[in-house]
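This is model23.cif (mmCIF, C-alpha atoms).
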```cif
data_start
loop_
_atom_site.label_atom_id
_atom_site.label_comp_id
_atom_site.auth_asym_id
_atom_site.auth_seq_id
_atom_site.Cartn_x
_atom_site.Cartn_y
_atom_site.Cartn_z
CA MET A 338 45.26 -25.89 -30.87
CA ALA A 339 44.98 -24.83 -27.20
CA ALA A 340 43.95 -21.34 -28.27
CA THR A 341 41.30 -22.80 -30.61
CA MET A 342 39.85 -25.05 -27.86
CA GLN A 343 39.77 -22.11 -25.43
CA LEU A 344 37.94 -19.99 -27.99
CA GLN A 345 35.38 -22.76 -28.58
CA GLN A 346 34.81 -23.12 -24.83
CA GLN A 347 34.27 -19.36 -24.51
CA GLN A 348 31.79 -19.41 -27.40
CA GLN A 349 29.88 -22.33 -25.84
CA SER A 350 29.81 -20.56 -22.48
CA ALA A 351 28.55 -17.38 -24.13
CA ARG A 352 25.78 -19.35 -25.88
CA ARG A 353 24.73 -20.91 -22.57
CA VAL A 354 24.57 -17.46 -20.93
CA VAL A 355 22.51 -16.07 -23.84
CA SER A 356 20.21 -19.11 -23.77
CA ARG A 357 19.75 -18.87 -19.98
CA SER A 358 19.11 -15.12 -20.27
CA ALA A 359 16.48 -15.74 -22.96
CA ARG A 360 14.73 -18.34 -20.80
CA VAL A 361 14.65 -15.97 -17.84
CA GLN A 362 13.36 -13.17 -20.05
CA ARG A 363 10.59 -15.41 -21.44
CA ALA A 364 9.64 -16.49 -17.92
CA VAL A 365 9.47 -12.89 -16.73
CA MET A 366 7.39 -11.90 -19.76
CA VAL A 367 4.93 -14.75 -19.18
CA HIS A 368 4.65 -13.90 -15.47
CA ALA A 369 4.18 -10.19 -16.17
CA SER A 370 1.49 -10.79 -18.78
CA ALA A 371 -0.57 -13.19 -16.64
CA LYS A 372 -3.70 -11.37 -15.48
CA PRO A 373 -5.14 -11.94 -12.00
CA ALA A 374 -8.19 -14.18 -11.99
CA VAL A 375 -10.98 -13.25 -9.59
CA MET A 376 -13.41 -15.67 -7.98
CA VAL A 377 -16.22 -13.85 -6.20
CA ASN A 378 -18.12 -15.56 -3.40
CA SER A 379 -21.02 -15.34 -3.48
CA CYS A 380 -22.51 -13.85 -6.63
CA THR A 381 -26.01 -14.67 -5.42
CA GLY A 382 -25.96 -11.46 -3.37
CA LYS A 383 -26.01 -7.83 -4.50
CA MET A 384 -22.48 -6.94 -3.45
CA GLY A 385 -20.94 -10.10 -4.86
CA ARG A 386 -22.70 -9.57 -8.17
CA ALA A 387 -21.65 -5.91 -8.32
CA VAL A 388 -17.99 -6.77 -7.63
CA ALA A 389 -18.04 -9.54 -10.23
CA GLU A 390 -19.48 -7.16 -12.83
CA ALA A 391 -16.82 -4.59 -11.96
CA ALA A 392 -14.08 -7.22 -12.36
CA VAL A 393 -15.33 -8.10 -15.83
CA GLY A 394 -15.56 -4.40 -16.71
CA ALA A 395 -11.95 -3.94 -15.60
CA GLY A 396 -10.81 -6.70 -17.95
CA LEU A 397 -10.00 -9.26 -15.26
CA ASP A 398 -10.65 -12.97 -15.68
CA LEU A 399 -13.80 -13.89 -13.76
CA VAL A 400 -13.67 -17.52 -12.65
CA PRO A 401 -16.93 -19.24 -13.75
CA PHE A 402 -17.68 -20.57 -10.26
CA THR A 403 -19.00 -19.00 -7.09
CA LEU A 404 -19.09 -20.54 -3.60
CA CYS A 405 -22.43 -20.41 -1.83
CA GLY A 406 -24.56 -22.10 0.82
CA ALA A 407 -25.84 -25.64 0.46
CA SER A 408 -29.45 -24.53 0.01
CA GLU A 409 -28.53 -22.08 -2.77
CA ALA A 410 -26.46 -24.69 -4.61
CA ALA A 411 -29.33 -27.18 -4.35
CA ALA A 412 -31.92 -24.71 -5.62
CA ASN A 413 -29.95 -23.33 -8.58
CA LYS A 414 -27.13 -24.69 -10.73
CA ALA A 415 -25.82 -21.36 -11.98
CA VAL A 416 -26.24 -17.59 -11.90
CA GLU A 417 -25.61 -15.18 -14.77
CA VAL A 418 -23.28 -12.25 -14.15
CA ALA A 419 -22.18 -9.81 -16.86
CA GLY A 420 -23.22 -12.29 -19.53
CA LYS A 421 -21.26 -15.15 -17.93
CA GLN A 422 -22.70 -18.28 -16.38
CA LEU A 423 -21.21 -18.92 -12.93
CA GLN A 424 -21.73 -22.38 -11.49
CA LEU A 425 -22.90 -22.44 -7.86
CA VAL A 426 -20.70 -24.57 -5.62
CA GLY A 427 -21.84 -25.74 -2.19
CA PRO A 428 -19.72 -26.61 0.86
CA ASP A 429 -19.52 -30.33 0.05
CA THR A 430 -17.47 -29.90 -3.16
CA ARG A 431 -15.69 -26.58 -2.66
CA ASP A 432 -12.32 -27.95 -1.46
CA GLU A 433 -11.86 -30.10 -4.55
CA LEU A 434 -13.04 -27.30 -6.81
CA ILE A 435 -10.63 -24.72 -5.39
CA GLU A 436 -7.63 -26.94 -6.09
CA GLU A 437 -8.82 -27.50 -9.66
CA VAL A 438 -9.39 -23.77 -10.15
CA LYS A 439 -5.91 -22.95 -8.81
CA GLN A 440 -4.39 -25.25 -11.42
CA GLN A 441 -6.19 -23.39 -14.19
CA TYR A 442 -5.78 -19.91 -12.68
CA PRO A 443 -2.37 -19.69 -10.93
CA ASN A 444 -2.92 -15.99 -10.11
CA LEU A 445 -6.24 -16.63 -8.37
CA ILE A 446 -7.64 -14.09 -5.90
CA MET A 447 -10.77 -14.79 -3.85
CA VAL A 448 -13.18 -11.95 -3.09
CA ASP A 449 -15.61 -12.67 -0.28
CA TYR A 450 -19.08 -11.17 0.06
CA THR A 451 -20.88 -13.99 1.84
CA LEU A 452 -22.50 -13.72 5.28
CA PRO A 453 -21.26 -12.61 8.71
CA ASP A 454 -22.21 -16.01 10.16
CA VAL A 455 -19.66 -17.83 7.99
CA ILE A 456 -16.93 -15.20 7.76
CA HIS A 457 -14.39 -17.19 9.79
CA ASP A 458 -15.20 -20.43 7.97
CA MET A 459 -14.57 -18.71 4.64
CA ALA A 460 -11.34 -17.10 5.80
CA ASN A 461 -10.10 -20.47 7.09
CA LEU A 462 -11.00 -22.01 3.74
CA TYR A 463 -8.89 -19.48 1.82
CA ILE A 464 -6.02 -19.88 4.27
CA LYS A 465 -6.21 -23.67 4.01
CA HIS A 466 -5.81 -23.48 0.23
CA ARG A 467 -3.13 -20.76 0.39
CA THR A 468 -5.25 -18.43 -1.74
CA PRO A 469 -4.94 -14.63 -1.36
CA PHE A 470 -8.29 -13.04 -0.62
CA VAL A 471 -10.21 -9.83 -0.08
CA MET A 472 -12.66 -10.03 2.84
CA GLY A 473 -15.47 -7.66 1.93
CA THR A 474 -17.92 -9.34 4.30
CA THR A 475 -18.40 -7.43 7.54
CA GLY A 476 -18.86 -8.91 10.99
CA GLY A 477 -16.94 -11.55 12.87
CA ASP A 478 -13.92 -10.98 15.07
CA ARG A 479 -11.82 -8.61 12.97
CA ALA A 480 -8.78 -8.89 15.22
CA LYS A 481 -8.89 -12.68 14.92
CA LEU A 482 -9.21 -12.46 11.14
CA VAL A 483 -6.09 -10.33 10.90
CA ALA A 484 -4.21 -12.54 13.37
CA ASP A 485 -5.10 -15.71 11.43
CA VAL A 486 -3.92 -14.17 8.15
CA VAL A 487 -0.66 -12.95 9.68
CA ALA A 488 -0.03 -16.37 11.27
CA ALA A 489 -0.63 -18.06 7.92
CA ASP A 490 1.73 -15.61 6.16
CA LEU A 491 -0.87 -15.08 3.44
CA TYR A 492 -1.73 -11.95 1.47
CA ALA A 493 -5.20 -10.63 2.27
CA VAL A 494 -7.21 -7.43 2.52
CA VAL A 495 -9.44 -7.37 5.60
CA ALA A 496 -11.41 -4.13 5.73
CA PRO A 497 -15.00 -3.15 6.53
CA GLN A 498 -15.00 -0.48 3.81
CA MET A 499 -13.64 -0.50 0.26
CA GLY A 500 -14.65 2.98 -0.93
CA LYS A 501 -11.52 5.15 -1.06
CA GLN A 502 -13.32 8.32 0.03
CA VAL A 503 -14.75 6.64 3.13
CA VAL A 504 -11.40 5.01 3.89
CA ALA A 505 -9.80 8.46 3.71
CA PHE A 506 -12.46 9.81 6.09
CA GLN A 507 -11.81 6.94 8.52
CA ALA A 508 -8.08 7.65 8.43
CA MET A 509 -8.76 11.32 9.16
CA MET A 510 -10.96 10.40 12.16
CA GLU A 511 -8.27 8.09 13.53
CA MET A 512 -5.65 10.83 13.24
CA MET A 513 -7.94 13.27 15.03
CA ALA A 514 -8.49 10.80 17.87
CA ASP A 515 -4.72 10.25 18.20
CA THR A 516 -3.88 13.97 17.97
CA PHE A 517 -6.76 15.43 20.02
CA PRO A 518 -7.81 12.77 22.53
CA GLY A 519 -10.89 13.76 24.53
CA ALA A 520 -11.59 16.84 22.37
CA PHE A 521 -15.31 15.98 22.08
CA ALA A 522 -15.83 15.00 25.72
CA GLY A 523 -19.26 16.07 26.98
CA TYR A 524 -20.83 16.13 23.50
CA THR A 525 -23.58 13.76 22.39
CA LEU A 526 -23.47 11.59 19.29
CA LYS A 527 -26.06 9.89 17.10
CA VAL A 528 -25.08 7.40 14.40
CA THR A 529 -27.52 6.13 11.79
CA GLU A 530 -26.44 3.72 9.08
CA SER A 531 -28.60 2.57 6.18
CA HIS A 532 -28.24 -0.55 4.07
CA GLN A 533 -30.29 -2.96 2.00
CA SER A 534 -32.85 -5.07 3.84
CA SER A 535 -30.78 -8.24 3.41
CA LYS A 536 -27.81 -6.91 5.44
CA LYS A 537 -27.96 -8.66 8.81
CA ASP A 538 -25.16 -7.07 10.82
CA THR A 539 -24.17 -3.55 11.81
CA SER A 540 -22.01 -1.69 9.32
CA GLY A 541 -18.29 -2.17 9.92
CA THR A 542 -17.73 1.40 8.76
CA ALA A 543 -20.13 2.73 11.40
CA LYS A 544 -18.36 0.69 14.08
CA ALA A 545 -14.96 2.05 13.03
CA ILE A 546 -16.23 5.64 13.12
CA VAL A 547 -17.72 5.09 16.58
CA ASN A 548 -14.34 3.82 17.80
CA SER A 549 -12.71 7.02 16.58
CA PHE A 550 -15.32 9.18 18.30
CA GLN A 551 -14.74 7.24 21.52
CA GLY A 552 -11.08 8.20 21.23
CA LEU A 553 -12.21 11.82 20.95
CA GLY A 554 -13.96 11.49 24.31
CA LEU A 555 -17.55 10.69 23.34
CA ASP A 556 -19.47 8.25 25.53
CA PHE A 557 -21.09 6.12 22.84
CA ASP A 558 -21.30 2.38 22.24
CA VAL A 559 -21.73 0.53 18.94
CA SER A 560 -24.92 -1.02 20.32
CA GLN A 561 -26.49 2.47 20.14
CA ILE A 562 -26.08 2.71 16.36
CA GLU A 563 -29.46 3.08 14.68
CA LEU A 564 -29.93 0.59 11.82
CA VAL A 565 -32.08 1.39 8.82
CA ARG A 566 -32.81 -1.54 6.48
CA ASP A 567 -34.88 -0.95 3.37
#
```

Represent the structure from my file as C-alpha coordinates, please.
Amino acid sequence: MAATMQLQQQQQSARRVVSRSARVQRAVMVHASAKPAVMVNSCTGKMGRAVAEAAVGAGLDLVPFTLCGASEAAANKAVEVAGKQLQLVGPDTRDELIEEVKQQYPNLIMVDYTLPDVIHDMANLYIKHRTPFVMGTTGGDRAKLVADVVAADLYAVVAPQMGKQVVAFQAMMEMMADTFPGAFAGYTLKVTESHQSSKKDTSGTAKAIVNSFQGLGLDFDVSQIELVRD
(Lines of atoms letter the chains of each structure in order from A and count residues from 1; the text may use other names and numbers.)
(Lines give C-alpha, C1' and ligand atoms only; values in the text may rest on other atoms or scores of the structure.)
Protein backbone atom coordinates (compact mmCIF):
# COMPACT_ATOMS: atom_id res chain seq x y z
CA MET A 1 0.00 0.00 0.00
CA ALA A 2 2.81 2.43 0.93
CA ALA A 3 4.56 1.69 -2.34
CA THR A 4 1.31 2.32 -4.27
CA MET A 5 0.71 5.68 -2.51
CA GLN A 6 4.32 6.73 -3.17
CA LEU A 7 3.93 5.86 -6.85
CA GLN A 8 0.71 7.88 -7.08
CA GLN A 9 2.38 10.88 -5.43
CA GLN A 10 5.28 10.66 -7.90
CA GLN A 11 2.85 10.51 -10.83
CA GLN A 12 0.92 13.54 -9.52
CA SER A 13 4.17 15.45 -9.03
CA ALA A 14 5.28 14.55 -12.55
CA ARG A 15 1.94 15.77 -13.95
CA ARG A 16 2.30 19.07 -12.09
CA VAL A 17 5.83 19.54 -13.50
CA VAL A 18 4.62 18.76 -17.04
CA SER A 19 1.63 21.10 -16.63
CA ARG A 20 3.83 23.91 -15.25
CA SER A 21 6.33 23.36 -18.07
CA ALA A 22 3.54 23.56 -20.65
CA ARG A 23 2.25 26.81 -19.15
CA VAL A 24 5.72 28.34 -19.22
CA GLN A 25 6.21 27.18 -22.80
CA ARG A 26 2.88 28.70 -23.87
CA ALA A 27 3.75 31.96 -22.13
CA VAL A 28 7.14 32.10 -23.85
CA MET A 29 5.55 31.34 -27.22
CA VAL A 30 2.95 34.09 -26.77
CA HIS A 31 5.62 36.59 -25.70
CA ALA A 32 7.92 35.65 -28.58
CA SER A 33 5.16 35.94 -31.17
CA ALA A 34 3.92 39.37 -30.00
CA LYS A 35 5.02 41.97 -32.54
CA PRO A 36 6.12 45.45 -31.44
CA ALA A 37 3.49 48.10 -32.02
CA VAL A 38 4.72 51.49 -33.20
CA MET A 39 3.04 54.82 -32.50
CA VAL A 40 4.60 57.62 -34.55
CA ASN A 41 4.29 61.21 -33.37
CA SER A 42 3.54 63.16 -35.38
CA CYS A 43 2.44 61.80 -38.74
CA THR A 44 1.45 65.27 -39.89
CA GLY A 45 5.08 65.92 -40.83
CA LYS A 46 7.21 64.41 -43.60
CA MET A 47 9.55 62.42 -41.39
CA GLY A 48 6.80 61.06 -39.17
CA ARG A 49 4.79 59.98 -42.20
CA ALA A 50 7.83 58.34 -43.82
CA VAL A 51 8.67 56.39 -40.65
CA ALA A 52 5.06 55.28 -40.24
CA GLU A 53 4.97 54.05 -43.84
CA ALA A 54 8.24 52.19 -43.29
CA ALA A 55 6.82 50.55 -40.15
CA VAL A 56 3.80 49.29 -42.07
CA GLY A 57 6.07 48.07 -44.88
CA ALA A 58 8.15 46.15 -42.33
CA GLY A 59 5.04 44.36 -41.07
CA LEU A 60 4.86 46.14 -37.71
CA ASP A 61 1.58 47.12 -36.08
CA LEU A 62 1.01 50.84 -36.60
CA VAL A 63 -1.10 52.28 -33.79
CA PRO A 64 -4.03 54.22 -35.34
CA PHE A 65 -3.30 57.38 -33.34
CA THR A 66 -0.69 60.11 -33.61
CA LEU A 67 0.07 62.83 -31.07
CA CYS A 68 0.17 66.37 -32.42
CA GLY A 69 -0.27 70.02 -31.48
CA ALA A 70 -3.57 71.45 -30.33
CA SER A 71 -4.07 73.47 -33.50
CA GLU A 72 -3.49 70.43 -35.73
CA ALA A 73 -5.91 68.29 -33.72
CA ALA A 74 -8.54 71.04 -33.91
CA ALA A 75 -8.15 71.49 -37.66
CA ASN A 76 -8.18 67.82 -38.66
CA LYS A 77 -9.58 64.67 -37.08
CA ALA A 78 -7.34 62.18 -38.86
CA VAL A 79 -4.54 61.72 -41.37
CA GLU A 80 -4.13 58.83 -43.81
CA VAL A 81 -0.82 56.96 -43.81
CA ALA A 82 -0.16 53.84 -45.88
CA GLY A 83 -3.89 53.32 -46.32
CA LYS A 84 -4.59 53.62 -42.58
CA GLN A 85 -6.54 56.36 -40.85
CA LEU A 86 -4.62 57.74 -37.86
CA GLN A 87 -6.61 59.83 -35.41
CA LEU A 88 -4.95 63.10 -34.38
CA VAL A 89 -4.64 63.49 -30.61
CA GLY A 90 -3.94 66.85 -28.99
CA PRO A 91 -2.23 67.58 -25.65
CA ASP A 92 -5.48 67.70 -23.66
CA THR A 93 -6.35 64.00 -24.16
CA ARG A 94 -2.99 62.35 -24.80
CA ASP A 95 -2.34 61.06 -21.25
CA GLU A 96 -5.59 59.12 -21.13
CA LEU A 97 -5.09 57.84 -24.67
CA ILE A 98 -1.58 56.52 -24.02
CA GLU A 99 -2.77 54.41 -21.10
CA GLU A 100 -5.58 52.98 -23.23
CA VAL A 101 -3.17 52.25 -26.09
CA LYS A 102 -0.74 50.50 -23.73
CA GLN A 103 -3.51 48.17 -22.62
CA GLN A 104 -4.21 47.19 -26.21
CA TYR A 105 -0.56 47.16 -27.34
CA PRO A 106 1.63 45.87 -24.47
CA ASN A 107 4.76 46.00 -26.67
CA LEU A 108 4.26 49.67 -27.56
CA ILE A 109 7.18 51.77 -28.80
CA MET A 110 6.86 55.52 -29.39
CA VAL A 111 8.73 57.13 -32.27
CA ASP A 112 9.04 60.90 -32.04
CA TYR A 113 9.33 63.26 -34.99
CA THR A 114 7.64 66.34 -33.57
CA LEU A 115 9.30 69.74 -33.11
CA PRO A 116 12.48 70.92 -31.36
CA ASP A 117 10.40 73.30 -29.21
CA VAL A 118 8.55 70.42 -27.52
CA ILE A 119 11.26 67.76 -27.49
CA HIS A 120 11.66 67.75 -23.70
CA ASP A 121 7.90 67.80 -23.12
CA MET A 122 7.52 64.75 -25.36
CA ALA A 123 10.39 62.89 -23.72
CA ASN A 124 8.92 63.60 -20.29
CA LEU A 125 5.57 62.32 -21.52
CA TYR A 126 7.05 59.00 -22.63
CA ILE A 127 9.00 58.69 -19.39
CA LYS A 128 5.90 59.46 -17.35
CA HIS A 129 4.02 56.61 -19.02
CA ARG A 130 7.00 54.22 -18.89
CA THR A 131 6.94 53.80 -22.67
CA PRO A 132 10.16 53.02 -24.59
CA PHE A 133 10.78 55.54 -27.33
CA VAL A 134 12.97 56.59 -30.23
CA MET A 135 13.73 60.32 -30.27
CA GLY A 136 14.17 61.20 -33.92
CA THR A 137 13.49 64.89 -33.33
CA THR A 138 16.64 66.99 -33.24
CA GLY A 139 17.33 69.95 -30.98
CA GLY A 140 16.95 70.40 -27.26
CA ASP A 141 19.55 69.61 -24.63
CA ARG A 142 20.82 66.21 -25.74
CA ALA A 143 22.80 65.61 -22.56
CA LYS A 144 19.69 66.30 -20.48
CA LEU A 145 17.62 63.95 -22.63
CA VAL A 146 20.06 61.11 -22.05
CA ALA A 147 20.34 61.91 -18.33
CA ASP A 148 16.54 61.92 -17.91
CA VAL A 149 16.21 58.56 -19.67
CA VAL A 150 19.00 57.01 -17.60
CA ALA A 151 17.48 58.36 -14.36
CA ALA A 152 14.11 56.90 -15.33
CA ASP A 153 15.70 53.52 -16.16
CA LEU A 154 13.77 53.44 -19.43
CA TYR A 155 14.79 52.05 -22.82
CA ALA A 156 15.20 54.77 -25.44
CA VAL A 157 17.19 55.67 -28.54
CA VAL A 158 18.31 59.31 -28.51
CA ALA A 159 20.27 60.10 -31.66
CA PRO A 160 20.38 62.97 -34.16
CA GLN A 161 20.88 60.58 -37.07
CA MET A 162 19.26 57.23 -37.90
CA GLY A 163 20.95 56.41 -41.22
CA LYS A 164 23.48 53.63 -40.61
CA GLN A 165 25.98 54.95 -43.15
CA VAL A 166 26.02 58.41 -41.56
CA VAL A 167 26.23 56.89 -38.08
CA ALA A 168 29.24 54.89 -39.24
CA PHE A 169 30.82 58.09 -40.60
CA GLN A 170 30.20 59.87 -37.29
CA ALA A 171 31.82 57.01 -35.39
CA MET A 172 34.85 57.19 -37.70
CA MET A 173 35.18 60.96 -37.10
CA GLU A 174 34.99 60.46 -33.34
CA MET A 175 37.72 57.82 -33.47
CA MET A 176 39.92 60.12 -35.55
CA ALA A 177 39.47 62.94 -33.04
CA ASP A 178 40.38 60.61 -30.16
CA THR A 179 43.35 59.05 -31.98
CA PHE A 180 44.76 62.15 -33.72
CA PRO A 181 43.82 65.16 -31.57
CA GLY A 182 44.78 68.48 -33.17
CA ALA A 183 45.70 66.86 -36.51
CA PHE A 184 43.76 69.49 -38.50
CA ALA A 185 44.92 72.51 -36.49
CA GLY A 186 45.41 75.56 -38.71
CA TYR A 187 43.00 74.34 -41.41
CA THR A 188 39.73 76.05 -42.26
CA LEU A 189 36.34 74.37 -42.36
CA LYS A 190 33.01 75.10 -44.02
CA VAL A 191 29.87 73.14 -43.18
CA THR A 192 26.68 73.39 -45.21
CA GLU A 193 23.62 71.33 -44.37
CA SER A 194 20.44 71.17 -46.43
CA HIS A 195 16.96 70.17 -45.32
CA GLN A 196 13.33 70.75 -46.15
CA SER A 197 11.98 74.27 -45.62
CA SER A 198 9.93 73.19 -42.59
CA LYS A 199 13.00 72.16 -40.54
CA LYS A 200 13.53 74.89 -37.96
CA ASP A 201 16.74 73.91 -36.18
CA THR A 202 20.29 73.11 -37.21
CA SER A 203 20.96 69.51 -38.16
CA GLY A 204 22.06 67.38 -35.21
CA THR A 205 24.30 65.43 -37.58
CA ALA A 206 26.09 68.61 -38.64
CA LYS A 207 26.58 69.59 -35.00
CA ALA A 208 28.06 66.18 -34.18
CA ILE A 209 30.47 66.38 -37.11
CA VAL A 210 31.57 69.87 -36.07
CA ASN A 211 32.31 68.56 -32.57
CA SER A 212 34.56 65.89 -34.05
CA PHE A 213 36.41 68.43 -36.19
CA GLN A 214 36.92 70.59 -33.10
CA GLY A 215 38.60 67.59 -31.50
CA LEU A 216 40.87 67.43 -34.55
CA GLY A 217 41.99 71.00 -33.85
CA LEU A 218 39.74 73.07 -36.11
CA ASP A 219 38.53 76.42 -34.80
CA PHE A 220 34.88 76.24 -35.83
CA ASP A 221 31.61 76.79 -33.98
CA VAL A 222 28.20 75.28 -34.72
CA SER A 223 26.83 78.80 -35.15
CA GLN A 224 28.93 79.04 -38.34
CA ILE A 225 27.09 76.17 -40.04
CA GLU A 226 25.40 77.37 -43.21
CA LEU A 227 21.73 76.32 -43.37
CA VAL A 228 19.98 75.66 -46.66
CA ARG A 229 16.19 75.25 -46.47
CA ASP A 230 14.25 74.50 -49.63

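Nearest to Val377 (chain A) of all the residues A:Tyr524, A:Tyr442, A:Tyr450, A:Phe557 is A:Tyr450, based on only C-alpha atoms.
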
Report task. Name the closest residue to Phe521 (chain A) among the candidates A:Leu555, A:Ala505, A:Leu404, A:Ala489; distances are taken between atoms, counting all atoms listed in the file. Result -> A:Leu555

Requested in this report: Give me, please, the distance in Å between CA of Gln498 (chain A) and CA of Gly519 (chain A), quoted to one decimal.
Outcome: 25.5 Å

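For the structure in this document, the set picked by the PyMOL selection byres ((chain A and resi 559) around 10) is Val528, Thr539, Ser540, Ala543, Lys544, Ala545, Ile546, Val547, Asn548, Phe557, Asp558, Ser560, Gln561, Ile562 and Glu563 of chain A.
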
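Proximity ranking of A:Val426, A:Val487, A:Leu434, A:Leu553 relative to Ser408 (chain A) places A:Val426 first, based on all atoms listed in the file.
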
Report task. Give the answer as one residue: which of A:Lys439, A:Lys536, A:Ala493, A:Phe517 has the shortest atom-to-atom distance to Gly382 (chain A), using only C-alpha atoms? Result -> A:Lys536

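Across the model, the gap from CA of Ser535 (chain A) to CA of Ala374 (chain A) is 28.0 Å.
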
Requested in this report: Determine the nearest neighbour of Phe470 (chain A) from the options A:Met447, A:Gly396, A:Gln551, A:Val483, counting all atoms listed in the file.
Outcome: A:Met447

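For the structure shown here, the set of residues caught by the PyMOL selection byres ((chain A and resi 409) around 12) is Ser379, Cys380, Thr381, Gly382, Thr403, Leu404, Cys405, Gly406, Ala407, Ser408, Ala410, Ala411, Ala412, Asn413, Lys414, Ala415, Val416, Gln424, Leu425, Val426, Gly427 and Pro428 of chain A.
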
Give as a tab-separated table (two decimals) with C-alpha atoms, in the coordinates of the input each residue that has an atom at most 12 Å from (-20.1, -12.1, 5.6) in the file, counting all atoms listed in the file.
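The resulting file, selection_14.tsv, is shown below:
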```tsv
chain	number	residue	atom	x	y	z
A	378	ASN	CA	-18.12	-15.56	-3.40
A	379	SER	CA	-21.02	-15.34	-3.48
A	382	GLY	CA	-25.96	-11.46	-3.37
A	384	MET	CA	-22.48	-6.94	-3.45
A	385	GLY	CA	-20.94	-10.10	-4.86
A	405	CYS	CA	-22.43	-20.41	-1.83
A	406	GLY	CA	-24.56	-22.10	0.82
A	448	VAL	CA	-13.18	-11.95	-3.09
A	449	ASP	CA	-15.61	-12.67	-0.28
A	450	TYR	CA	-19.08	-11.17	0.06
A	451	THR	CA	-20.88	-13.99	1.84
A	452	LEU	CA	-22.50	-13.72	5.28
A	453	PRO	CA	-21.26	-12.61	8.71
A	454	ASP	CA	-22.21	-16.01	10.16
A	455	VAL	CA	-19.66	-17.83	7.99
A	456	ILE	CA	-16.93	-15.20	7.76
A	457	HIS	CA	-14.39	-17.19	9.79
A	458	ASP	CA	-15.20	-20.43	7.97
A	459	MET	CA	-14.57	-18.71	4.64
A	460	ALA	CA	-11.34	-17.10	5.80
A	471	VAL	CA	-10.21	-9.83	-0.08
A	472	MET	CA	-12.66	-10.03	2.84
A	473	GLY	CA	-15.47	-7.66	1.93
A	474	THR	CA	-17.92	-9.34	4.30
A	475	THR	CA	-18.40	-7.43	7.54
A	476	GLY	CA	-18.86	-8.91	10.99
A	477	GLY	CA	-16.94	-11.55	12.87
A	478	ASP	CA	-13.92	-10.98	15.07
A	479	ARG	CA	-11.82	-8.61	12.97
A	495	VAL	CA	-9.44	-7.37	5.60
A	496	ALA	CA	-11.41	-4.13	5.73
A	497	PRO	CA	-15.00	-3.15	6.53
A	535	SER	CA	-30.78	-8.24	3.41
A	536	LYS	CA	-27.81	-6.91	5.44
A	537	LYS	CA	-27.96	-8.66	8.81
A	538	ASP	CA	-25.16	-7.07	10.82
A	539	THR	CA	-24.17	-3.55	11.81
A	540	SER	CA	-22.01	-1.69	9.32
A	541	GLY	CA	-18.29	-2.17	9.92
```

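Note that the spacing between CA of Ala520 (chain A) and CA of Gly554 (chain A) amounts to 6.2 Å.
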
Requested in this report: Quick one: everything within 7 Å of Ala514 (chain A), counting all atoms listed in the file, minus sequence neighbours fewer than 3 positions away in the same chain. Send it as a list in words.
Outcome: Met510, Glu511, Phe517, Pro518, Ser549, Gly552 and Leu553 of chain A

Starting from 3 Å padding per side, set up an axis-aligned box that covers all listed atoms of region 476-480 of chain A and hand over centre and edge lengths in Å, one decimal, as JSON.
```
{"center_x": -13.8, "center_y": -10.1, "center_z": 13.1, "size_x": 16.1, "size_y": 8.9, "size_z": 10.2}
```
